[in-house]
2 protein chains.
Amino acid sequence: VDYQHVQVPFEITLWIMLASLAKIGFHLYNKLPSVVPESCLLIFIGLIMGGIIYGLNDKSPPVMDSDIFFLYLLPPIVLDAGYFMPSRPFFENIGTILLYAVVGTIWNVFGIGFSLYGICQVKSFHLQDVSLLHNLLFGSLIAAVDPVAVLAVFEEIHVNEKLHILVFGESLLNDAVTVVLYKLFRSFCEMPAIKTMDVLAGVGKFFVVGIGGILVGLAFGMIAAFTTRFTKTIRVIEPLFVFLYSYLSYLTAEMFHLSGIVAIIACAMGMKRYVEANISLKSHTTIKYFMKMWSSVSDTLIFIFLGVSTIGENHEWNWPYIFFTVIFCLIWRALGVLVLTFFVNRFHVNTVTGKDQFIIAYGGLRGAICFSLVFLLPDFHRKKLFIAATTVVILFTVFVQGMTIRPLVDLLDVKKKRESAPTVGEQIHIRFLDHLLAGIEDISGHWGQYYWKDKLEYFNSKYLQKMLLRECDQPKSSIVLLYEKLERKHAIELAEAGQLGHAPSQPSLLNSHRSVVTDGKSEDILNPDVLENIQEILARNLFRIRRTVPAYNRHTLPGETEPAEQAKEILILRHRSL
Amino acid sequence: VDYQHVQVPFEITLWIMLASLAKIGFHLYNKLPSVVPESCLLIFIGLIMGGIIYGLNDKSPPVMDSDIFFLYLLPPIVLDAGYFMPSRPFFENIGTILLYAVVGTIWNVFGIGFSLYGICQVKSFHLQDVSLLHNLLFGSLIAAVDPVAVLAVFEEIHVNEKLHILVFGESLLNDAVTVVLYKLFRSFCEMPAIKTMDVLAGVGKFFVVGIGGILVGLAFGMIAAFTTRFTKTIRVIEPLFVFLYSYLSYLTAEMFHLSGIVAIIACAMGMKRYVEANISLKSHTTIKYFMKMWSSVSDTLIFIFLGVSTIGENHEWNWPYIFFTVIFCLIWRALGVLVLTFFVNRFHVNTVTGKDQFIIAYGGLRGAICFSLVFLLPDFHRKKLFIAATTVVILFTVFVQGMTIRPLVDLLDVKKKRESAPTVGEQIHIRFLDHLLAGIEDISGHWGQYYWKDKLEYFNSKYLQKMLLRECDQPKSSIVLLYEKLERKHAIELAEAGQLGHAPSQPSLLNSHRSVVTDGKSEDILNPDVLENIQEILARNLFRIRRTVPAYNRHTLPGETEPAEQAKEILILRHRSL
């Protein structure tokens with residue numbers, strides 16, 4: 001046995017396999033996930049596995065490598081989140097989201113940092129050696145709400161779209177703030193003296209990190225869209241470009257110390273509409289499917305690793321510090337949401353209600369990002385205390401808050417997501433209103449949201465689309481596109497339902513006829529029922545030679561290049577028969 | 001800039017990107033690929049890049065790591081080949097393929113090895129220090145036809161199916177022989193004395209390696225099929241299992257020193273029919289698409305790396321040895337094919353013609369497997385000579401043979417692949433004949449191919465299907481399945497063609513109306529033409545509320561869970577309207 005040779009890919013494959021099987025297991029018994037969120041179950045599995053490893057080896061199980069987390073596990077989840085981000089509610093609430101993400105996070109960092117420093121002054125807690133800077137550094141990593149944890153919990157509780165996008169958007173965009181503050185405090189910790197200049201540079205850096213991330217992402221998004229203009233003859237590699245360019249945008253942003261999360265989201269949201277217009281339907285299915293699959297596996301692995309890494313001897317259990325960390329995380333978030341929402345509600349007709357505020361504050365879950373950041377801290381004598389406090393905060397938020405948020409949503413009767421999506425009629429009305437409002441804003445000279453949206457749309461159809469889309473795919477109205485999509489789905493349903501009428505849908509009927517024919521031979525094909533079917537099928541289909549078995553070819557998938565005339569021929573023949 | 005942090009994923013992504021862009025480039029100018037095979041172009045790009053790296057750094061560019069090749073680049077190609085293997089021609093010609101793969105490869109190894117040893121005895125060539133064992137070792141790595149190179153060339157020349165499967169099947173299955181002989185000679189080289197026992201053990205090992213590979217592959221294939229029984233509630237991770245289990249089968253086989261290629265092919269062929277019955281249509285599209293995409297990229301990377309690795313100072317240019325290696329490779333392969341085909345033709349009605357034999361002999365391309373194996377050789381003083389000889393043989397076969405095989409096929413008028421695939425009618429006749437022949441063989445007591453096929457089919461429907469397929473998906477006749485597939489395709493075409501009648505297919509007409517409406521605003525939606533369309537669409541679709549904008553959810557794709565009743569409802573409404 002030569003295990004060492006295949007060790008790396010073998011173990012990676014096994015971990016992914018474990019994650020997938022765990023997912024199947026939960027979904028088989030669908031009572032459990034309705035009470036306990038999947039993330040809790042996965043952490044629990046991780047804890048058990050960590051315990052087993054600890055018991056067998058008698059040393060701490062390996063902790064999740066921060067590099068693996070940031071370079072390989074996080075990007076798929078963020079890409080999925082960005083690509084499937086509902087853009088309308090996101091841009092409608094962008095102001096509020098940014099306020100929560102930027103001001104809210106800064107508020108939390110300083111709030112938690114200063115109050116923990118206050119706790120450190122109490123002599124009986126033996127914490128006097130933890131400086132203010134270290135407390136602020138700890139605050140900067142513990143303050144940020146985690147997108148992975150938020151997604152895992154919020155997609156199961158189905159709150160209304162606005163509430164969902166507020167929490168989710170905040171958790172994604174606060175990355176820029178976290179990156180800046182974390183790096184700033186870390187470098188301050190290593191500096192002998194801090195000058196005012198450094199603080200000002202830090203403030204400037206925030207804009208660089210955020211806006212730089214957006215620019216890097218958009219640049220890669222546009223290149224991706226432009227590349228898919230030329231893939232008409234080689235459809236199979238189309239999905240690759242979506243993944244490659246968005247990953248490159250993430251890596252490039254990380255390389256320049258910009259916000260990778262912001263970059264990948266900008267890339268995904270920027271390229272989506274152009275890429276979707278350029279690529280084939282099958283490529284599109286593949287992209288969507290693979291993104292879901294990948295993010296799903298990543299997310300599972302993260303929670304399992306989180307559980308595994310918790311076990312071990314990396315912790316210093318100073319209970320007062322840990323206890324007050326949890327308390328301050330809760331209090332400062334609640335205060336922050338209250339204050340910020342007060343200002344938000346003054347400028348919006350559509351206010352954030354009290355119940356919504358409670359859920360926003362309560363949904364501030366911490367997760368794997370904090371965990372990875374705390375392990376990335378430079379070594380100093382109280383690092384293990386910070387690790388312990390971070391672990392407890394994560395477990396508390398994921399288990400206690402994650403498990404109680406669903407009953408609370410029901411109890412408070414928070415407005416849920418509407419069951420049915422808007423109808424075509426509603427959509428048309430929404431469009432009309434948009435255009436109307438854009439016109440009103442234009443006339444009244446108020447350069448608001450609708451005015452800019454309209455200008456962007458104009459710029460898009462005038463320049464961007466011409467550059468990024470193929471000639472033949474030039475813009476159909478999106479309503480017509482929607483109709484085409486519905487019609488296609490419809491047709492498939494029609495075929496499948498029509499099938500029910502004449503195909504052997506009752507296997508029992510089939511089986512009863514089975515044993516009549518000679519001994520076991522020719523059982524599945526020469527059955528009279530099936531023969532009858534075949535005759536019927538042949539009678540209806542002999543109008544042209546059907547091509548069925550495609551030849552092997554590396555670069556094409558079977559049945560991809562049916563010419564339009566073929567479709568027309570069928571149409572004519574069908575219509576005649578009707 | 002922190003490049004080191006992201007170096008590994010960044011460079012991998014860039015290489016893949018380069019490969020994809022090169023592919024797009026070739027397909028844009030489709031005159032070039034019709035003359036020069038893509039593999040040659042890719043090697044050429046690699047040579048240029050290698051030259052640039054050599055020129056800039058003034059040292060040899062990095063050679064392709066054998067581990068990377070065998071663990072990451074080869075499996076996707078073999079998986080794709082196995083999954084899309086046309087099973088009927090493969091099993092019909094399995095005897096001939098095995099004869100070529102096993103006896104043919106052994107013949108080539110010993111032929112090339114002994115005759116090169118003869119050349120080494122010529123004093124003026126300064127090769128007396130290359131022993132017989134080293135020559136045989138070299139023979140074992142240079143004799144095997146390479147599946148990657150064969151696929152790349154043969155899928156462009158479209159020879160008839162039997163010829164294709166003979167060359168392609170041989171190139172895949174000879175892996176077991178190559179593995180055994182290569183390892184055997186390598187261990188002999190390091191042994192002080194060789195006993196008869198060792199030789200006998202080597203012969204026995206061949207069966208272990210081949211049959212072991214098949215068993216490992218089939219075992220993983222069955223587990224994969226069994227796993228997909230339980231994925232009904234979580235469709236998005238279905239494609240993952242196909243990739244994970246087949247990769248695990250490859251790694252496991254490699255771990256036990258069995259043939260990984262044989263294992264992955266057995267796994268893919270074994271699981272295919274069950275997995276396809278269990279998974280959803282969209283998962284199926286994703287699997288097919290991703291496999292093609294992945295193998296396509298792997299194959300591109302392999303040829304580029306091959307070119308890059310060629311440049312450098314790893315070579316010892318002893319021209320007589322290199323010249324005779326090329327000559328002997330050609331001669332022994334031609335002789336082998338002639339002799340083996342003579343025996344094959346005595347036992348088959350469907351003989352392999354002289355032209356076919358020529359193409360089989362001429363299509364014996366060498367590729368990246370030889371190249372990786374020669375670098376894996378233990379260090380000894382003439383290793384650079386072997387590397388040089390291998391490089392020349394690969395370049396000669398890929399460039400000279402690969403580029404001339406297409407004109408030769410045309411010149412000799414070799415039977416081409418039939419353009420149209422068999423019709424449904426033909427397929428039914430083929431089925432009937434199979435059953436008839438199985439009956440005849442049963443009556444006459446001759447346990448031939450058809451008899452065993454029938455028995456296998458019986459075992460499959462009696463036990464395997466019940467175990468591996470979901471209850472509700474129990475076997476429909478494959479003809480009925482085919483019909484369903486055609487009907488579905490048909491329906492899509494119908495929808496798309498029907499679309500042509502009332503949607504704005506003439507953009508010119510649309511554009512002429514554009515500028516009438518107010519300044520730039522409401523341009524793409526309020527156009528009278530489009531409005532008319534929308535009205536028409538609404539009138540035809542208002543019978544039920546359409547769900548259009550799906551909510552974000554990590555685990556499901558939009559529109560996946562439409563209940564059957566919905567389809568029925570549409571059917572009824574549609575039929576009424578007709």
# chains A, B, ... in the order shown; residues from 1 in each chain; ligands from 1

$ select_by_dssp --residues "region 21-136 of chain A" --states "alpha helix (DSSP H)" --output "number ranges by chain"
A: 21-28, 32-35, 38-57, 66-68, 74-83, 87-92, 94-98, 105-120, 132-136

$ residues_around --residues "Glu276 (chain B)" --least-positions-apart "2" --cutoff "12 Å" --atoms "only C-alpha atoms" --output "PyMOL selection string"
chain B and resi 83+224-226+228-229+238-239+242+268-274+278-288+468-470+473+475+481

$ residues_around --residues "region 356-364 of chain A" --least-positions-apart "4" --cutoff "9 Å" --atoms "only C-alpha atoms" --output "list in words"
Ala144, Val145, Asp146, Val150, Val153, Phe154, Leu163, His164, Leu166, Val167, Ser171, Leu330, Arg333, Ala334, Leu335, Gly336, Val337, Leu338, Thr341, Val352, Thr397, Gln401, Gly402, Ile405, Leu408, Val409, Val414 and Lys415 of chain A

$ write_last_selection --atoms "C-alpha atoms" --output "compact mmCIF listing (two decimals), in the first residue's frame"
# COMPACT_ATOMS: atom_id res chain seq x y z
CA ALA A 144 -18.30 41.29 12.24
CA VAL A 145 -21.44 39.33 11.42
CA ASP A 146 -20.57 36.21 9.41
CA VAL A 150 -26.26 34.16 8.53
CA VAL A 153 -29.79 30.21 9.43
CA PHE A 154 -31.77 32.81 7.50
CA LEU A 163 -35.24 41.88 6.43
CA HIS A 164 -33.28 39.10 4.80
CA LEU A 166 -30.56 43.82 5.34
CA VAL A 167 -28.89 41.18 7.51
CA SER A 171 -22.76 40.46 6.67
CA LEU A 330 -25.27 41.19 22.28
CA ARG A 333 -25.24 45.07 18.46
CA ALA A 334 -28.71 45.72 19.85
CA LEU A 335 -27.82 49.35 20.67
CA GLY A 336 -26.22 49.84 17.26
CA VAL A 337 -29.24 48.55 15.40
CA LEU A 338 -31.59 50.73 17.49
CA THR A 341 -32.46 52.35 12.47
CA VAL A 352 -37.85 49.14 9.57
CA THR A 397 -24.61 32.62 18.53
CA GLN A 401 -29.47 32.31 18.73
CA GLY A 402 -29.58 30.07 15.65
CA ILE A 405 -34.57 32.55 16.10
CA LEU A 408 -39.00 33.86 17.95
CA VAL A 409 -39.90 34.75 14.36
CA VAL A 414 -42.55 38.75 11.86
CA LYS A 415 -43.67 39.37 8.31

$ closest_residue --among "B:Ala388, B:Ile430, B:Val339, B:Ile265" --to "chain A" --atoms "only C-alpha atoms"
B:Ile430

$ closest_residue --among "A:Leu172, A:Ala101, A:Ile24, A:Ile311" --to "chain B" --atoms "only C-alpha atoms"
A:Ile24

$ atom_distance --atom1 "CA of Leu71 (chain B)" --atom2 "CA of Ser298 (chain B)"
11.5 Å

$ residues_around --residues "Val148 (chain A)" --least-positions-apart "4" --cutoff "10 Å" --atoms "only C-alpha atoms" --output "ChimeraX atom specification"
/A:39,74,77-78,81,152-153,168,171-172,295,298-299,302-303,365-369

$ atom_distance --atom1 "CA of Asn57 (chain A)" --atom2 "CA of Glu313 (chain A)"
13.1 Å

$ residues_around --residues "Cys267 (chain A)" --least-positions-apart "5" --cutoff "12 Å" --atoms "only C-alpha atoms" --output "JSON, numbers by chain"
{"A": [75, 78, 79, 80, 81, 82, 83, 85, 213, 214, 215, 216, 217, 218, 219, 220, 221, 222, 223, 224, 225, 241, 242, 243, 244, 245, 246, 247, 248, 249, 250, 252, 253, 260, 261, 262, 272, 273, 274, 275]}

$ residues_around --residues "Ile304 (chain A)" --least-positions-apart "6" --cutoff "9 Å" --atoms "only C-alpha atoms" --output "list of chain:residue names"
A:Ala19, A:Ser39, A:Leu41, A:Leu42, A:Ile43, A:Phe44, A:Ile45, A:Gly46, A:Leu47, A:Met49

$ closest_residue --among "B:Phe328, B:Phe459, B:Phe342, B:Phe84" --to "chain A" --atoms "only C-alpha atoms"
B:Phe84

$ atom_distance --atom1 "CA of Val159 (chain B)" --atom2 "CA of Thr353 (chain B)"
13.2 Å

$ decode --residues "region 135-164 of chain B" --atoms "N, CA and C atoms" --output "PDB file, in the first residue's frame"
ATOM      1  N   ASN B 135      17.168  -1.245 -21.242  1.00  0.00           N
ATOM      2  CA  ASN B 135      16.480  -1.148 -22.525  1.00  0.00           C
ATOM      3  C   ASN B 135      15.041  -1.653 -22.439  1.00  0.00           C
ATOM      4  N   LEU B 136      14.858  -2.743 -21.689  1.00  0.00           N
ATOM      5  CA  LEU B 136      13.496  -3.276 -21.533  1.00  0.00           C
ATOM      6  C   LEU B 136      12.636  -2.297 -20.733  1.00  0.00           C
ATOM      7  N   LEU B 137      13.233  -1.702 -19.707  1.00  0.00           N
ATOM      8  CA  LEU B 137      12.514  -0.695 -18.914  1.00  0.00           C
ATOM      9  C   LEU B 137      12.073   0.462 -19.820  1.00  0.00           C
ATOM     10  N   PHE B 138      13.003   0.908 -20.639  1.00  0.00           N
ATOM     11  CA  PHE B 138      12.664   1.973 -21.575  1.00  0.00           C
ATOM     12  C   PHE B 138      11.576   1.514 -22.548  1.00  0.00           C
ATOM     13  N   GLY B 139      11.720   0.268 -23.011  1.00  0.00           N
ATOM     14  CA  GLY B 139      10.693  -0.285 -23.904  1.00  0.00           C
ATOM     15  C   GLY B 139       9.325  -0.283 -23.250  1.00  0.00           C
ATOM     16  N   SER B 140       9.285  -0.615 -21.947  1.00  0.00           N
ATOM     17  CA  SER B 140       7.986  -0.719 -21.280  1.00  0.00           C
ATOM     18  C   SER B 140       7.296   0.632 -21.180  1.00  0.00           C
ATOM     19  N   LEU B 141       8.082   1.701 -21.119  1.00  0.00           N
ATOM     20  CA  LEU B 141       7.392   2.990 -21.014  1.00  0.00           C
ATOM     21  C   LEU B 141       7.114   3.605 -22.377  1.00  0.00           C
ATOM     22  N   ILE B 142       7.910   3.243 -23.389  1.00  0.00           N
ATOM     23  CA  ILE B 142       7.713   3.862 -24.702  1.00  0.00           C
ATOM     24  C   ILE B 142       6.716   3.061 -25.553  1.00  0.00           C
ATOM     25  N   ALA B 143       6.402   1.828 -25.144  1.00  0.00           N
ATOM     26  CA  ALA B 143       5.586   0.971 -26.011  1.00  0.00           C
ATOM     27  C   ALA B 143       4.103   1.323 -25.955  1.00  0.00           C
ATOM     28  N   ALA B 144       3.659   1.879 -24.811  1.00  0.00           N
ATOM     29  CA  ALA B 144       2.215   2.011 -24.614  1.00  0.00           C
ATOM     30  C   ALA B 144       1.633   3.180 -25.403  1.00  0.00           C
ATOM     31  N   VAL B 145       0.567   2.897 -26.123  1.00  0.00           N
ATOM     32  CA  VAL B 145      -0.158   3.943 -26.844  1.00  0.00           C
ATOM     33  C   VAL B 145      -0.890   4.806 -25.815  1.00  0.00           C
ATOM     34  N   ASP B 146      -0.926   6.104 -26.052  1.00  0.00           N
ATOM     35  CA  ASP B 146      -1.431   7.044 -25.054  1.00  0.00           C
ATOM     36  C   ASP B 146      -2.885   7.435 -25.315  1.00  0.00           C
ATOM     37  N   PRO B 147      -3.772   7.220 -24.344  1.00  0.00           N
ATOM     38  CA  PRO B 147      -5.193   7.530 -24.594  1.00  0.00           C
ATOM     39  C   PRO B 147      -5.454   9.007 -24.858  1.00  0.00           C
ATOM     40  N   VAL B 148      -4.712   9.883 -24.180  1.00  0.00           N
ATOM     41  CA  VAL B 148      -4.957  11.321 -24.353  1.00  0.00           C
ATOM     42  C   VAL B 148      -4.636  11.746 -25.784  1.00  0.00           C
ATOM     43  N   ALA B 149      -3.472  11.294 -26.280  1.00  0.00           N
ATOM     44  CA  ALA B 149      -3.070  11.661 -27.644  1.00  0.00           C
ATOM     45  C   ALA B 149      -3.995  11.033 -28.672  1.00  0.00           C
ATOM     46  N   VAL B 150      -4.358   9.771 -28.441  1.00  0.00           N
ATOM     47  CA  VAL B 150      -5.231   9.072 -29.392  1.00  0.00           C
ATOM     48  C   VAL B 150      -6.586   9.766 -29.486  1.00  0.00           C
ATOM     49  N   LEU B 151      -7.148  10.082 -28.302  1.00  0.00           N
ATOM     50  CA  LEU B 151      -8.442  10.764 -28.288  1.00  0.00           C
ATOM     51  C   LEU B 151      -8.373  12.083 -29.050  1.00  0.00           C
ATOM     52  N   ALA B 152      -7.330  12.860 -28.760  1.00  0.00           N
ATOM     53  CA  ALA B 152      -7.218  14.188 -29.350  1.00  0.00           C
ATOM     54  C   ALA B 152      -7.174  14.106 -30.870  1.00  0.00           C
ATOM     55  N   VAL B 153      -6.469  13.091 -31.411  1.00  0.00           N
ATOM     56  CA  VAL B 153      -6.379  12.996 -32.868  1.00  0.00           C
ATOM     57  C   VAL B 153      -7.592  12.289 -33.472  1.00  0.00           C
ATOM     58  N   PHE B 154      -7.997  11.184 -32.870  1.00  0.00           N
ATOM     59  CA  PHE B 154      -9.036  10.371 -33.514  1.00  0.00           C
ATOM     60  C   PHE B 154     -10.410  11.019 -33.488  1.00  0.00           C
ATOM     61  N   GLU B 155     -10.657  11.879 -32.515  1.00  0.00           N
ATOM     62  CA  GLU B 155     -12.006  12.460 -32.530  1.00  0.00           C
ATOM     63  C   GLU B 155     -12.121  13.544 -33.595  1.00  0.00           C
ATOM     64  N   GLU B 156     -11.000  13.891 -34.200  1.00  0.00           N
ATOM     65  CA  GLU B 156     -11.080  14.868 -35.284  1.00  0.00           C
ATOM     66  C   GLU B 156     -11.140  14.221 -36.658  1.00  0.00           C
ATOM     67  N   ILE B 157     -10.775  12.926 -36.765  1.00  0.00           N
ATOM     68  CA  ILE B 157     -10.724  12.353 -38.127  1.00  0.00           C
ATOM     69  C   ILE B 157     -11.933  11.499 -38.465  1.00  0.00           C
ATOM     70  N   HIS B 158     -12.790  11.217 -37.491  1.00  0.00           N
ATOM     71  CA  HIS B 158     -14.069  10.570 -37.766  1.00  0.00           C
ATOM     72  C   HIS B 158     -13.967   9.276 -38.549  1.00  0.00           C
ATOM     73  N   VAL B 159     -13.103   8.359 -38.122  1.00  0.00           N
ATOM     74  CA  VAL B 159     -13.112   7.046 -38.766  1.00  0.00           C
ATOM     75  C   VAL B 159     -14.289   6.244 -38.226  1.00  0.00           C
ATOM     76  N   ASN B 160     -14.520   5.068 -38.824  1.00  0.00           N
ATOM     77  CA  ASN B 160     -15.705   4.307 -38.408  1.00  0.00           C
ATOM     78  C   ASN B 160     -15.570   3.842 -36.970  1.00  0.00           C
ATOM     79  N   GLU B 161     -16.730   3.533 -36.388  1.00  0.00           N
ATOM     80  CA  GLU B 161     -16.807   3.302 -34.945  1.00  0.00           C
ATOM     81  C   GLU B 161     -15.929   2.138 -34.483  1.00  0.00           C
ATOM     82  N   LYS B 162     -15.879   1.085 -35.282  1.00  0.00           N
ATOM     83  CA  LYS B 162     -15.120  -0.090 -34.862  1.00  0.00           C
ATOM     84  C   LYS B 162     -13.633   0.239 -34.783  1.00  0.00           C
ATOM     85  N   LEU B 163     -13.127   0.885 -35.809  1.00  0.00           N
ATOM     86  CA  LEU B 163     -11.712   1.266 -35.848  1.00  0.00           C
ATOM     87  C   LEU B 163     -11.378   2.170 -34.667  1.00  0.00           C
ATOM     88  N   HIS B 164     -12.269   3.130 -34.412  1.00  0.00           N
ATOM     89  CA  HIS B 164     -12.060   4.058 -33.317  1.00  0.00           C
ATOM     90  C   HIS B 164     -11.979   3.328 -31.989  1.00  0.00           C
TER      91      HIS B 164
END
